[in-house]
Amino acid sequence: MAQTLYDKLWDAHVVSQREDGTALIYIDRQLLHEVTSPQAFEGLRLAGRKPWRLDTNIATPDHNVPTTKTERDSGIDGISDQISKIQVKTLDENCQDFGVREFDMNDVNQGIVHVMGPEQGATLPGMTIVCGDSHTSTHGAMGALAFGIGTSEVEHVLATQCLIQRKMKNMRIRVDGDVNPSVTAKDIVLYIIGKIGTAGGTGYAIEFAGSAIAALSMEGRMTVCNMAIEAGARAGMVAVDQTTIDYFKGRPFAPKGEQWEAASAYWASLVSDADAVFDKEIELNAADIEPQVTWGTSPEMVLGVNACVPDPEDATDPVQKAGIQRALQYMGLSAGQNIKDIQLDRVFIGSCTNSRIEDLRAAAEVAKGKTVAKTLKQALVVPGSGLVKKQAEAEGLDKIFIEAGFEWREPGCSMCLAMNADKLGQGEHCASTSNRNFEGRQGFGGRTHLVSPAMAAAAAIAGHFVDIGQ
Amino acid sequence: MKALTVVKGVVAPMDRSNVDTDMIIPKQFLKSIKRSGFGPNLFDELRYLDEGQPGMDNSTRPLNPDFALNQPRYQGASILLSRANFGCGSSREHAPWALEDFGFRVVIASSFADIFYNNCFKNGVLPIVVEETQIDRWFQQMAALEGFSLTVDLPNQKIIEDGGQEVDFDVDEFRKHCLVNGLDDIGLTLQDADKIKEYELQRAQIHPWVFGQIK
Ligand code: SF4
């Protein structure tokens, strides 16, 4: 029978099918970080259990780590936030105690888990990949089944290498045609979320397909799959093609020699069969997509940069109307206001959505030879990993940013969720390349606008959003 | 895990859709390496007027008088009523930990985000999907009647109003079994250890690169 990519990945990992419709699914790789793992390791200890397998887990601290050079250079003891320090230290200790491979805070391989995994070839096509982090969907970009789990499940995977799951439904979102040059993977995925809503993908595994998706680099595909969870889908994925296979060749944990030949031949089969049936199909036209900016407090509250903020009076549904009103009030915006007129206080380029080398190149290209607007309090560039940082410095991108007035930081999650010192002040507007614009996400009372790296850089120069297509 | 069979209790409102996990428990509280103690910071940014930090004495902080959970009529509530897409956003299990620690054993909404829904069952919290029209009715009844309460009967999968009317709900058999009996599902999975080992042996034959790469 014809199968979708998701069906194939699922079938390859079923350990046992249960009568109630759930299945025991084998997990090939688990990524661990300091925030959602301490209670899982503690659970193992309390129950006197050991990890089922060690060679499947890989850890790195990312959420809490400071991003200034001075703090980082002094190691864990240099972390000035005492509670963060304990959490980072706890990860080190747990990894040592249980024998889990870790890239510690000052290892050049350290980075945001979802940047580190693919970069190391630790996450590969055809795998089931989990992490106590909802943006694990990122790894689906390589034709893998990757999804976020809670801490109890982190413990479950550590102890059994399996999870009890019910199969999701299949959805395919096709984006066909050519995008305008100013439109990036980020704009594509924001546009999709604007169309289907933040719950549009709930209960589905989404396959992103169509010529506009196939034309994306691996980095771009990761940006799209990263935000599948913002459309409600735990897992997003893209079929394997030559771009995928080329990306993994020579990566540290990728197979070598004969194993590489066997692996890449298998990976090439990880595509939906031509006559596979999806429970839901959505088709979008790439040419309709403009550079996107979120105006509200949910990623679905998104519009093209040339649009105006909506008027609650135009909403027919009372719950929706109240939602728009509340968002406008929180964001300090007035109905009908031009998006381009929103004045910014800070700019953040980073996060597991957009902190890979291509993202930094795109932002640097815009920033080159320009100066950050005087009205801005801060413009931050935070590479996704130590290796991305090194590569960017080799290409001179750091200099371009610094000369333009951006701050060039050490890798980590940083202002994406503001668990460290990088955060927004109350009422401040931020153009951010991250993935969530929830109330308070980037700091108490902070106002987030999600955009692409190129848009963030252009907005930093102008002090407000601009039509980068012009 | 705490078992859950029948919960009778006051219902508190969270009358909006897309209640995200950042809202349920803001990130600064995720720095804890413990599983407990999150209740006082449930809905922190809505509940208090100042910015909460871990380690603060929450009893001295200014409360937001407009927030429902601060109102006397909802004290001691064990059932939370909300709307579509409850629990969207981050996978943080701290969200159900905070709800449970505060005293909520049941969350009723018209839909839930997948990861949050799953996390609830691991922590003695029952998420129930109910149709929007029914939820509307309960919001109206709650507004009209102080102390409005419901009885949730998990073994029989029914929500019972004080007047005796019943609303049926769906729940996965396995999840129900674990919750009703307060079972640890790791122990259950380990009963299948032989099957897991057999799977690994077979898989290592065809996909050897999945094994032994990370040392
Ligand atoms: S960068 Fe942001 S979204 Fe990504 S893992 Fe870190 S905190 Fe989560």
# chains A, B, ... in the order shown; residues from 1 in each chain; ligands from 1
$ select_by_dssp --residues "region 14-192 of chain B" --states "helix (DSSP H, G or I)" --output "count of residues only"
70
$ residues_near_ligand --ligand "ligand 1" --cutoff "7 Å" --atoms "only C-alpha atoms and all ligand atoms" --output "PyMOL selection string"
chain A and resi 62-63+112-114+133+135+351-353+413+416-417+434-435
$ interface_residues --of "chain B" --to "chain A" --cutoff "8 Å" --atoms "only C-alpha atoms" --output "PyMOL selection string"
chain B and resi 16-17+20+22-23+26-28+30-35+45+51+85+88-93+113-116+119+122+172-174+185-186+189-190+193+195-196+199+207-215
$ write_last_selection --atoms "C-alpha atoms" --output "JSON list (two decimals), in the first residue's frame"
[["chain", "number", "residue", "atom", "x", "y", "z"],
["B", 16, "ARG", "CA", -9.63, 32.73, 26.62],
["B", 17, "SER", "CA", -8.32, 30.52, 23.85],
["B", 20, "ASP", "CA", 0.10, 28.91, 26.29],
["B", 22, "ASP", "CA", 4.57, 30.43, 29.02],
["B", 23, "MET", "CA", 1.39, 31.91, 30.49],
["B", 26, "PRO", "CA", 6.74, 31.72, 33.01],
["B", 27, "LYS", "CA", 10.27, 30.67, 32.10],
["B", 28, "GLN", "CA", 12.12, 32.09, 35.09],
["B", 30, "LEU", "CA", 11.89, 26.67, 34.90],
["B", 31, "LYS", "CA", 15.30, 27.12, 36.46],
["B", 32, "SER", "CA", 14.23, 24.89, 39.31],
["B", 33, "ILE", "CA", 15.65, 21.38, 39.28],
["B", 34, "LYS", "CA", 12.68, 20.12, 41.30],
["B", 35, "ARG", "CA", 9.27, 18.83, 40.27],
["B", 45, "GLU", "CA", 2.13, 37.25, 35.10],
["B", 51, "GLU", "CA", 7.37, 40.56, 37.99],
["B", 85, "ASN", "CA", -5.88, 25.12, 22.06],
["B", 88, "CYS", "CA", 0.03, 25.41, 23.32],
["B", 89, "GLY", "CA", 3.68, 26.36, 23.03],
["B", 90, "SER", "CA", 6.61, 24.94, 24.94],
["B", 91, "SER", "CA", 6.83, 21.30, 26.02],
["B", 92, "ARG", "CA", 7.58, 22.27, 29.63],
["B", 93, "GLU", "CA", 6.11, 19.72, 31.99],
["B", 113, "ALA", "CA", -2.13, 21.18, 22.33],
["B", 114, "ASP", "CA", -0.71, 17.66, 21.92],
["B", 115, "ILE", "CA", 2.37, 17.78, 24.14],
["B", 116, "PHE", "CA", 0.60, 19.47, 27.04],
["B", 119, "ASN", "CA", 2.12, 15.68, 29.88],
["B", 122, "LYS", "CA", 1.86, 11.75, 33.47],
["B", 172, "ASP", "CA", -7.63, 6.84, 25.81],
["B", 173, "GLU", "CA", -8.01, 3.44, 27.57],
["B", 174, "PHE", "CA", -4.34, 3.10, 28.47],
["B", 185, "ASP", "CA", 4.35, 3.83, 32.84],
["B", 186, "ILE", "CA", 8.13, 3.24, 32.78],
["B", 189, "THR", "CA", 7.14, -0.47, 29.39],
["B", 190, "LEU", "CA", 9.97, -2.39, 31.02],
["B", 193, "ALA", "CA", 12.08, -5.39, 27.70],
["B", 195, "LYS", "CA", 10.54, -7.05, 22.75],
["B", 196, "ILE", "CA", 12.72, -3.95, 22.85],
["B", 199, "TYR", "CA", 13.77, -4.92, 17.98],
["B", 207, "HIS", "CA", 20.52, 0.12, 10.11],
["B", 208, "PRO", "CA", 23.81, -0.38, 11.96],
["B", 209, "TRP", "CA", 24.66, 3.33, 11.82],
["B", 210, "VAL", "CA", 21.96, 4.07, 14.36],
["B", 211, "PHE", "CA", 24.00, 2.24, 16.99],
["B", 212, "GLY", "CA", 27.30, 3.05, 18.60],
["B", 213, "GLN", "CA", 27.95, 6.41, 16.96],
["B", 214, "ILE", "CA", 27.90, 8.60, 20.05],
["B", 215, "LYS", "CA", 30.58, 7.78, 22.57]]
$ residues_around --residues "Ala239 (chain A)" --least-positions-apart "5" --cutoff "9 Å" --atoms "only C-alpha atoms" --output "list of chain:residue names"
A:Leu5, A:Gly140, A:Ala141, A:Met142, A:Gly143, A:Ala144, A:Glu207, A:Phe208, A:Ala209, A:Ala214, A:Thr244, A:Ala268, A:Ser269, A:Leu270, A:Val271, A:Ser272
$ atom_distance --atom1 "CA of Val381 (chain A)" --atom2 "CA of Ile400 (chain A)"
11.2 Å
$ select_by_dssp --residues "region 26-143 of chain B" --states "strand (DSSP E)" --output "number ranges by chain"
B: 79-81, 106-109, 126-129
$ residues_around --residues "Gly103 (chain B)" --least-positions-apart "2" --cutoff "10 Å" --atoms "only C-alpha atoms" --output "ChimeraX atom specification"
/B:39,75-80,97-101,105-106,125
$ closest_residue --among "A:Glu365, A:Glu358, A:Glu281, A:Glu395" --to "Leu216 (chain A)" --atoms "only C-alpha atoms"
A:Glu358
$ closest_residue --among "B:Lys158, B:Asn18, B:Tyr48, B:Leu63" --to "Phe112 (chain B)" --atoms "only C-alpha atoms"
B:Asn18
$ residues_around --residues "Pro13 (chain B)" --least-positions-apart "4" --cutoff "12 Å" --atoms "only C-alpha atoms" --output "ChimeraX atom specification"
/B:17,19,67-71,73-75,77-83,104,107-109,135-136,138-143,147-149
$ closest_residue --among "A:Val108, A:Val366, A:Met171, A:Val130" --to "Ala462 (chain A)" --atoms "only C-alpha atoms"
A:Val366
